[in-house]
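The structure file run_30.cif is reproduced below (mmCIF, C-alpha atoms).
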```
data_input
#
loop_
_atom_site.label_atom_id
_atom_site.label_comp_id
_atom_site.auth_asym_id
_atom_site.auth_seq_id
_atom_site.Cartn_x
_atom_site.Cartn_y
_atom_site.Cartn_z
CA MET A 16 15.29 26.77 10.77
CA LEU A 17 17.23 23.77 12.11
CA ILE A 18 14.21 22.83 14.25
CA LEU A 19 12.10 22.38 11.09
CA LEU A 20 14.47 19.69 9.79
CA ILE A 21 14.36 17.55 12.93
CA PRO A 22 10.85 16.00 12.53
CA GLY A 23 11.69 14.54 9.12
CA ARG A 24 15.00 13.18 10.40
CA ILE A 25 13.29 11.54 13.38
CA GLN A 26 10.66 9.93 11.19
CA GLY A 27 13.26 8.91 8.62
CA HIS A 28 15.21 7.11 11.29
CA PHE A 29 12.27 5.10 12.60
CA TYR A 30 10.66 4.55 9.18
CA ARG A 31 13.86 3.50 7.39
CA ASP A 32 12.54 0.01 6.55
CA PHE A 33 9.27 1.49 5.26
CA TYR A 34 11.10 3.87 2.91
CA THR A 35 13.53 1.17 1.81
CA ALA A 36 10.58 -1.11 0.98
CA LYS A 37 8.99 1.65 -1.13
CA LYS A 38 12.24 2.24 -3.00
CA LEU A 39 12.62 -1.49 -3.66
CA MET A 40 9.03 -1.64 -4.91
CA GLN A 41 9.73 1.17 -7.37
CA SER A 42 12.74 -0.75 -8.69
CA LYS A 43 10.54 -3.89 -9.05
CA SER A 44 12.44 -5.78 -6.35
CA TYR A 45 9.20 -7.16 -4.96
CA LYS A 46 10.58 -9.98 -2.81
CA LYS A 47 13.04 -7.67 -1.07
CA SER A 48 10.32 -5.04 -0.68
CA ILE A 49 8.10 -7.61 1.04
CA GLU A 50 10.97 -8.46 3.37
CA TYR A 51 11.43 -4.82 4.39
CA ASN A 52 7.68 -4.25 4.77
CA ASN A 53 7.49 -7.27 7.09
CA ARG A 54 10.45 -5.95 9.09
CA PHE A 55 8.70 -2.61 9.45
CA LEU A 56 5.46 -4.28 10.57
CA GLN A 57 7.46 -6.14 13.21
CA GLN A 58 8.98 -2.86 14.32
CA ILE A 59 5.47 -1.37 14.69
CA LYS A 60 4.43 -4.42 16.70
CA ASN A 61 7.44 -4.03 19.01
CA LYS A 62 7.18 -0.24 19.28
CA PRO A 63 3.57 0.80 18.57
CA TRP A 64 4.30 4.41 19.43
CA ILE A 65 6.23 4.89 16.16
CA LYS A 66 2.90 4.83 14.30
CA LYS A 67 2.25 8.28 15.73
CA LEU A 68 5.32 9.72 13.99
CA ILE A 69 3.29 9.84 10.76
CA TRP A 70 1.55 12.89 12.21
CA ILE A 71 4.71 15.00 11.83
CA SER A 72 4.69 14.55 8.06
CA TRP A 73 2.27 14.94 5.23
CA GLY A 74 -0.05 12.24 4.05
CA MET A 75 -2.65 12.82 1.42
CA TYR A 76 -4.73 9.66 1.72
CA THR A 77 -4.04 8.23 5.19
CA LYS A 78 -2.33 8.99 8.45
CA ASP A 79 -1.93 5.30 9.31
CA ILE A 80 1.57 4.08 8.46
CA GLU A 81 0.55 0.49 9.25
CA ALA A 82 -2.29 0.65 6.71
CA MET A 83 0.16 2.04 4.15
CA THR A 84 2.60 -0.78 4.89
CA TYR A 85 -0.04 -3.49 4.49
CA ASN A 86 -1.15 -1.90 1.22
CA ASN A 87 2.45 -1.86 -0.03
CA LEU A 88 2.94 -5.45 1.12
CA GLY A 89 -0.17 -6.44 -0.80
CA THR A 90 1.09 -4.66 -3.90
CA GLY A 91 4.35 -6.61 -3.77
CA ASN A 92 2.47 -9.88 -3.41
CA LEU A 93 0.15 -8.94 -6.26
CA HIS A 94 3.11 -8.30 -8.55
CA LEU A 95 4.49 -11.72 -7.63
CA GLY A 96 1.14 -13.36 -8.47
CA GLN A 97 0.50 -14.29 -4.83
CA LEU A 98 -3.15 -13.30 -4.98
CA GLU A 99 -4.39 -14.69 -1.65
CA GLU A 100 -1.56 -13.03 0.28
CA ALA A 101 -2.18 -9.78 -1.58
CA LYS A 102 -5.90 -9.89 -0.83
CA ALA A 103 -5.29 -10.50 2.88
CA CYS A 104 -2.95 -7.50 3.02
CA PHE A 105 -5.35 -5.17 1.20
CA ILE A 106 -8.21 -6.24 3.47
CA LYS A 107 -6.04 -5.62 6.55
CA ALA A 108 -5.08 -2.16 5.23
CA LYS A 109 -8.73 -1.34 4.60
CA GLU A 110 -9.67 -2.49 8.11
CA LEU A 111 -6.98 -0.30 9.66
CA ASP A 112 -8.21 2.79 7.79
CA LYS A 113 -11.62 2.52 6.15
CA GLU A 114 -11.11 5.92 4.47
CA TYR A 115 -7.80 5.00 2.78
CA PRO A 116 -8.63 4.57 -0.94
CA PHE A 117 -5.53 2.63 -2.11
CA PRO A 118 -6.54 -0.77 -0.66
CA TYR A 119 -9.93 -0.43 -2.36
CA TYR A 120 -8.25 0.43 -5.65
CA ASN A 121 -5.85 -2.49 -5.30
CA LEU A 122 -8.67 -4.88 -4.41
CA ALA A 123 -10.38 -3.72 -7.61
CA ILE A 124 -7.22 -4.69 -9.52
CA LEU A 125 -7.15 -8.04 -7.79
CA TYR A 126 -10.79 -8.77 -8.61
CA VAL A 127 -10.23 -7.92 -12.28
CA VAL A 128 -7.34 -10.41 -12.30
CA GLU A 129 -9.65 -13.00 -10.71
CA GLY A 130 -12.33 -12.26 -13.31
CA ASP A 131 -14.92 -10.77 -10.93
CA THR A 132 -15.65 -7.46 -12.65
CA THR A 133 -18.76 -6.82 -10.53
CA LYS A 134 -16.75 -6.82 -7.31
CA ALA A 135 -13.89 -4.99 -9.05
CA GLU A 136 -16.23 -2.18 -10.06
CA GLU A 137 -17.61 -1.95 -6.51
CA TYR A 138 -14.12 -1.48 -5.04
CA TYR A 139 -13.04 0.81 -7.86
CA ASN A 140 -16.03 3.07 -7.23
CA GLU A 141 -15.35 3.08 -3.49
CA ALA A 142 -11.75 4.17 -4.13
CA GLY A 143 -13.13 6.99 -6.26
CA ARG A 144 -15.64 7.98 -3.59
CA LEU A 145 -12.72 8.20 -1.15
CA GLY A 146 -10.84 10.51 -3.52
CA PHE A 147 -8.67 8.27 -5.69
CA THR A 148 -9.58 8.02 -9.37
CA ARG A 149 -7.33 7.55 -12.32
CA THR A 150 -9.44 6.50 -15.29
CA SER A 151 -12.85 5.26 -16.30
CA PHE A 152 -13.64 1.74 -15.15
CA ASP A 153 -13.32 0.33 -18.69
CA GLU A 154 -9.86 1.85 -19.11
CA PHE A 155 -8.99 0.52 -15.68
CA ILE A 156 -9.92 -3.07 -16.64
CA MET A 157 -7.82 -2.85 -19.82
CA LYS A 158 -4.79 -1.56 -17.90
CA VAL A 159 -5.06 -4.27 -15.27
CA GLN A 160 -5.46 -7.03 -17.83
CA ASN A 161 -2.43 -5.80 -19.75
CA ALA A 162 -0.34 -5.48 -16.60
CA TYR A 163 -1.35 -8.94 -15.44
CA ALA A 164 -0.46 -10.40 -18.84
CA ASN A 165 2.99 -8.81 -18.50
CA ILE A 166 3.43 -10.32 -15.03
CA GLN A 167 2.36 -13.77 -16.14
CA GLY A 168 4.42 -13.56 -19.33
CA ARG A 169 7.78 -13.40 -17.51
#
```
As structure tokens - that is how I would like this structure written.
Amino acid sequence: MLILLIPGRIQGHFYRDFYTAKKLMQSKSYKKSIEYNNRFLQQIKNKPWIKKLIWISWGMYTKDIEAMTYNNLGTGNLHLGQLEEAKACFIKAKELDKEYPFPYYNLAILYVVEGDTTKAEEYYNEAGRLGFTRTSFDEFIMKVQNAYANIQGR
């Protein structure tokens, strides 16, 4: 039984900055989350083998921790209104794992914010094709517009 606990502990040790960034994102500490995501990306760059540790855990949408990190980094930038930085991160995440639906979904959000509903719908549909759907596209646009208004209204 003790052997079953070890893989999670190993991954937790090496992915500490990743998990800290996620926790900070959930508490809306976007700048700090970006800092930890960048630290984790540097760790992957210095020790590329740690990317393989994702295989000892579950992952519903991707098995690429770097793609997840870029997506999370983009989300933090999006919340801070840094649209170009967010877009670059989502594109990088999508390039790392073309089957990972979250970057497509987040690019759809970004394109709604930019007013390009044609491109937003294209990315939204692709996220759905890859297995991630939440609402109809019309409901999606309304949610994004309301969320963006809240961000800009701070």
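Note that CA of Tyr30 in chain A and CA of Lys66 in chain A are 9.3 Å apart.
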Inset, instruction - Please provide as a PyMOL selection string all residues within 12 Å of Gln57 in chain A, with the sequence filter that same-chain residues fewer than 4 positions apart are discarded (counting only C-alpha atoms). - result: chain A and resi 30+32-33+50-53+61-63+65-66+81+84-85
Inset, instruction - For range 136-147 of chain A, please output as a VMD selection string all residues within 6 Å (counting all atoms listed in the file; exclusion window: fewer than 3 positions along the same chain). - result: chain A and resid 116 119 to 120 123 132 to 133
Inset, instruction - Identify, on the basis of only C-alpha atoms, every residue whose closest approach to Ala103 in chain A does not exceed 12 Å; exclude the query and any residue fewer than 2 positions from it along the same chain; express the result as a PyMOL selection string. - result: chain A and resi 85-90+92-93+97-101+105-110+118+121-122+125
Output for the residues just chosen: C-alpha atoms as a tab-separated table (two decimals), in the frame of the given file:
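File out12.tsv, as written:
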```
chain	number	residue	atom	x	y	z
A	85	TYR	CA	-0.04	-3.49	4.49
A	86	ASN	CA	-1.15	-1.90	1.22
A	87	ASN	CA	2.45	-1.86	-0.03
A	88	LEU	CA	2.94	-5.45	1.12
A	89	GLY	CA	-0.17	-6.44	-0.80
A	90	THR	CA	1.09	-4.66	-3.90
A	92	ASN	CA	2.47	-9.88	-3.41
A	93	LEU	CA	0.15	-8.94	-6.26
A	97	GLN	CA	0.50	-14.29	-4.83
A	98	LEU	CA	-3.15	-13.30	-4.98
A	99	GLU	CA	-4.39	-14.69	-1.65
A	100	GLU	CA	-1.56	-13.03	0.28
A	101	ALA	CA	-2.18	-9.78	-1.58
A	105	PHE	CA	-5.35	-5.17	1.20
A	106	ILE	CA	-8.21	-6.24	3.47
A	107	LYS	CA	-6.04	-5.62	6.55
A	108	ALA	CA	-5.08	-2.16	5.23
A	109	LYS	CA	-8.73	-1.34	4.60
A	110	GLU	CA	-9.67	-2.49	8.11
A	118	PRO	CA	-6.54	-0.77	-0.66
A	121	ASN	CA	-5.85	-2.49	-5.30
A	122	LEU	CA	-8.67	-4.88	-4.41
A	125	LEU	CA	-7.15	-8.04	-7.79
```
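Pairwise distance (CA of Met83 in chain A, CA of Tyr45 in chain A) equals 15.8 Å.
CA of Trp64 in chain A is found 25.7 Å from CA of Gly91 in chain A.
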Inset, instruction - Pick out the residues sitting within 12 Å of Lys43 in chain A, and hand them over as a list in words; count all atoms listed in the file, and ignore anything fewer than 3 positions along from it in its own chain. - result: Ala36, Lys37, Lys38, Leu39, Met40, Lys46, Lys47, Ser48, Ile49, Thr90, Gly91, Asn92, Leu93, His94, Leu95 and Ile166 of chain A
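The closest residue to Lys113 in chain A, picked from A:Thr148, A:Leu56, A:Lys134, A:Thr77 and counting only C-alpha atoms, is A:Thr77.
Closest approach to Glu114 in chain A from the set A:Asp131, A:Gln58, A:Gln41, A:Lys78 is made by A:Lys78, with distances taken over all atoms listed in the file.
Minimum distance to Tyr115 in chain A across A:Ala82, A:Thr35, A:Lys67, A:Gly96 (counting all atoms listed in the file) occurs at A:Ala82.
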Legend entry - Residue nearest Ile59 in chain A among A:Tyr34, A:Ile124, A:Glu129, A:Phe29 (counting all atoms listed in the file): A:Phe29
Since the input is missing atoms, can you rebuild all heavy atoms for range 101-112 of chain A and write them as a PDB file, keeping the file's coordinate frame?
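Written file, part_0.pdb:
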```pdb
ATOM      1  N   ALA A 101      -1.899 -11.170  -1.233  1.00  0.00           N
ATOM      2  CA  ALA A 101      -2.180  -9.780  -1.580  1.00  0.00           C
ATOM      3  C   ALA A 101      -3.552  -9.370  -1.053  1.00  0.00           C
ATOM      4  O   ALA A 101      -3.694  -8.303  -0.426  1.00  0.00           O
ATOM      5  CB  ALA A 101      -2.115  -9.589  -3.096  1.00  0.00           C
ATOM      6  N   LYS A 102      -4.546 -10.210  -1.280  1.00  0.00           N
ATOM      7  CA  LYS A 102      -5.900  -9.890  -0.830  1.00  0.00           C
ATOM      8  C   LYS A 102      -5.945  -9.714   0.683  1.00  0.00           C
ATOM      9  O   LYS A 102      -6.549  -8.757   1.185  1.00  0.00           O
ATOM     10  CB  LYS A 102      -6.878 -10.991  -1.256  1.00  0.00           C
ATOM     11  CG  LYS A 102      -8.337 -10.645  -0.966  1.00  0.00           C
ATOM     12  CD  LYS A 102      -9.292 -11.773  -1.334  1.00  0.00           C
ATOM     13  CE  LYS A 102      -9.361 -11.981  -2.814  1.00  0.00           C
ATOM     14  NZ  LYS A 102     -10.366 -12.986  -3.215  1.00  0.00           N
ATOM     15  N   ALA A 103      -5.300 -10.604   1.414  1.00  0.00           N
ATOM     16  CA  ALA A 103      -5.290 -10.500   2.880  1.00  0.00           C
ATOM     17  C   ALA A 103      -4.662  -9.179   3.333  1.00  0.00           C
ATOM     18  O   ALA A 103      -5.158  -8.543   4.273  1.00  0.00           O
ATOM     19  CB  ALA A 103      -4.534 -11.692   3.481  1.00  0.00           C
ATOM     20  N   CYS A 104      -3.607  -8.756   2.665  1.00  0.00           N
ATOM     21  CA  CYS A 104      -2.950  -7.500   3.020  1.00  0.00           C
ATOM     22  C   CYS A 104      -3.834  -6.295   2.711  1.00  0.00           C
ATOM     23  O   CYS A 104      -3.934  -5.365   3.521  1.00  0.00           O
ATOM     24  CB  CYS A 104      -1.616  -7.370   2.290  1.00  0.00           C
ATOM     25  SG  CYS A 104      -0.364  -8.530   2.857  1.00  0.00           S
ATOM     26  N   PHE A 105      -4.474  -6.294   1.556  1.00  0.00           N
ATOM     27  CA  PHE A 105      -5.350  -5.170   1.200  1.00  0.00           C
ATOM     28  C   PHE A 105      -6.539  -5.085   2.157  1.00  0.00           C
ATOM     29  O   PHE A 105      -6.934  -3.991   2.568  1.00  0.00           O
ATOM     30  CB  PHE A 105      -5.848  -5.293  -0.242  1.00  0.00           C
ATOM     31  CG  PHE A 105      -4.756  -5.214  -1.274  1.00  0.00           C
ATOM     32  CD1 PHE A 105      -4.791  -6.021  -2.404  1.00  0.00           C
ATOM     33  CD2 PHE A 105      -3.690  -4.340  -1.135  1.00  0.00           C
ATOM     34  CE1 PHE A 105      -3.800  -5.960  -3.362  1.00  0.00           C
ATOM     35  CE2 PHE A 105      -2.680  -4.265  -2.097  1.00  0.00           C
ATOM     36  CZ  PHE A 105      -2.741  -5.079  -3.209  1.00  0.00           C
ATOM     37  N   ILE A 106      -7.081  -6.228   2.522  1.00  0.00           N
ATOM     38  CA  ILE A 106      -8.210  -6.240   3.470  1.00  0.00           C
ATOM     39  C   ILE A 106      -7.754  -5.707   4.829  1.00  0.00           C
ATOM     40  O   ILE A 106      -8.461  -4.911   5.456  1.00  0.00           O
ATOM     41  CB  ILE A 106      -8.829  -7.647   3.556  1.00  0.00           C
ATOM     42  CG1 ILE A 106      -9.581  -7.948   2.251  1.00  0.00           C
ATOM     43  CG2 ILE A 106      -9.750  -7.775   4.764  1.00  0.00           C
ATOM     44  CD1 ILE A 106     -10.041  -9.383   2.096  1.00  0.00           C
ATOM     45  N   LYS A 107      -6.573  -6.114   5.271  1.00  0.00           N
ATOM     46  CA  LYS A 107      -6.040  -5.620   6.550  1.00  0.00           C
ATOM     47  C   LYS A 107      -5.839  -4.104   6.489  1.00  0.00           C
ATOM     48  O   LYS A 107      -6.197  -3.385   7.434  1.00  0.00           O
ATOM     49  CB  LYS A 107      -4.728  -6.336   6.883  1.00  0.00           C
ATOM     50  CG  LYS A 107      -4.070  -5.880   8.146  1.00  0.00           C
ATOM     51  CD  LYS A 107      -4.823  -6.316   9.369  1.00  0.00           C
ATOM     52  CE  LYS A 107      -4.036  -5.969  10.621  1.00  0.00           C
ATOM     53  NZ  LYS A 107      -4.758  -6.250  11.831  1.00  0.00           N
ATOM     54  N   ALA A 108      -5.294  -3.599   5.395  1.00  0.00           N
ATOM     55  CA  ALA A 108      -5.080  -2.160   5.230  1.00  0.00           C
ATOM     56  C   ALA A 108      -6.403  -1.411   5.290  1.00  0.00           C
ATOM     57  O   ALA A 108      -6.521  -0.373   5.956  1.00  0.00           O
ATOM     58  CB  ALA A 108      -4.362  -1.867   3.918  1.00  0.00           C
ATOM     59  N   LYS A 109      -7.397  -1.947   4.631  1.00  0.00           N
ATOM     60  CA  LYS A 109      -8.730  -1.340   4.600  1.00  0.00           C
ATOM     61  C   LYS A 109      -9.367  -1.352   5.984  1.00  0.00           C
ATOM     62  O   LYS A 109     -10.030  -0.400   6.373  1.00  0.00           O
ATOM     63  CB  LYS A 109      -9.544  -2.095   3.558  1.00  0.00           C
ATOM     64  CG  LYS A 109     -10.989  -1.922   3.514  1.00  0.00           C
ATOM     65  CD  LYS A 109     -11.563  -2.635   2.294  1.00  0.00           C
ATOM     66  CE  LYS A 109     -12.040  -4.010   2.585  1.00  0.00           C
ATOM     67  NZ  LYS A 109     -13.219  -4.106   3.396  1.00  0.00           N
ATOM     68  N   GLU A 110      -9.134  -2.411   6.740  1.00  0.00           N
ATOM     69  CA  GLU A 110      -9.670  -2.490   8.110  1.00  0.00           C
ATOM     70  C   GLU A 110      -8.994  -1.482   9.032  1.00  0.00           C
ATOM     71  O   GLU A 110      -9.639  -0.919   9.915  1.00  0.00           O
ATOM     72  CB  GLU A 110      -9.501  -3.900   8.666  1.00  0.00           C
ATOM     73  CG  GLU A 110     -10.414  -4.918   8.029  1.00  0.00           C
ATOM     74  CD  GLU A 110     -10.083  -6.356   8.402  1.00  0.00           C
ATOM     75  OE1 GLU A 110      -9.041  -6.603   9.073  1.00  0.00           O
ATOM     76  OE2 GLU A 110     -10.864  -7.236   8.015  1.00  0.00           O
ATOM     77  N   LEU A 111      -7.711  -1.251   8.831  1.00  0.00           N
ATOM     78  CA  LEU A 111      -6.980  -0.300   9.660  1.00  0.00           C
ATOM     79  C   LEU A 111      -7.421   1.144   9.393  1.00  0.00           C
ATOM     80  O   LEU A 111      -7.424   1.974  10.302  1.00  0.00           O
ATOM     81  CB  LEU A 111      -5.472  -0.434   9.432  1.00  0.00           C
ATOM     82  CG  LEU A 111      -4.840  -1.682  10.036  1.00  0.00           C
ATOM     83  CD1 LEU A 111      -3.446  -1.908   9.461  1.00  0.00           C
ATOM     84  CD2 LEU A 111      -4.786  -1.574  11.557  1.00  0.00           C
ATOM     85  N   ASP A 112      -7.741   1.450   8.145  1.00  0.00           N
ATOM     86  CA  ASP A 112      -8.210   2.790   7.790  1.00  0.00           C
ATOM     87  C   ASP A 112      -9.261   2.670   6.689  1.00  0.00           C
ATOM     88  O   ASP A 112      -8.921   2.550   5.509  1.00  0.00           O
ATOM     89  CB  ASP A 112      -7.045   3.667   7.327  1.00  0.00           C
ATOM     90  CG  ASP A 112      -7.466   5.097   7.038  1.00  0.00           C
ATOM     91  OD1 ASP A 112      -8.683   5.402   7.044  1.00  0.00           O
ATOM     92  OD2 ASP A 112      -6.579   5.937   6.791  1.00  0.00           O
TER      93      ASP A 112
END
```
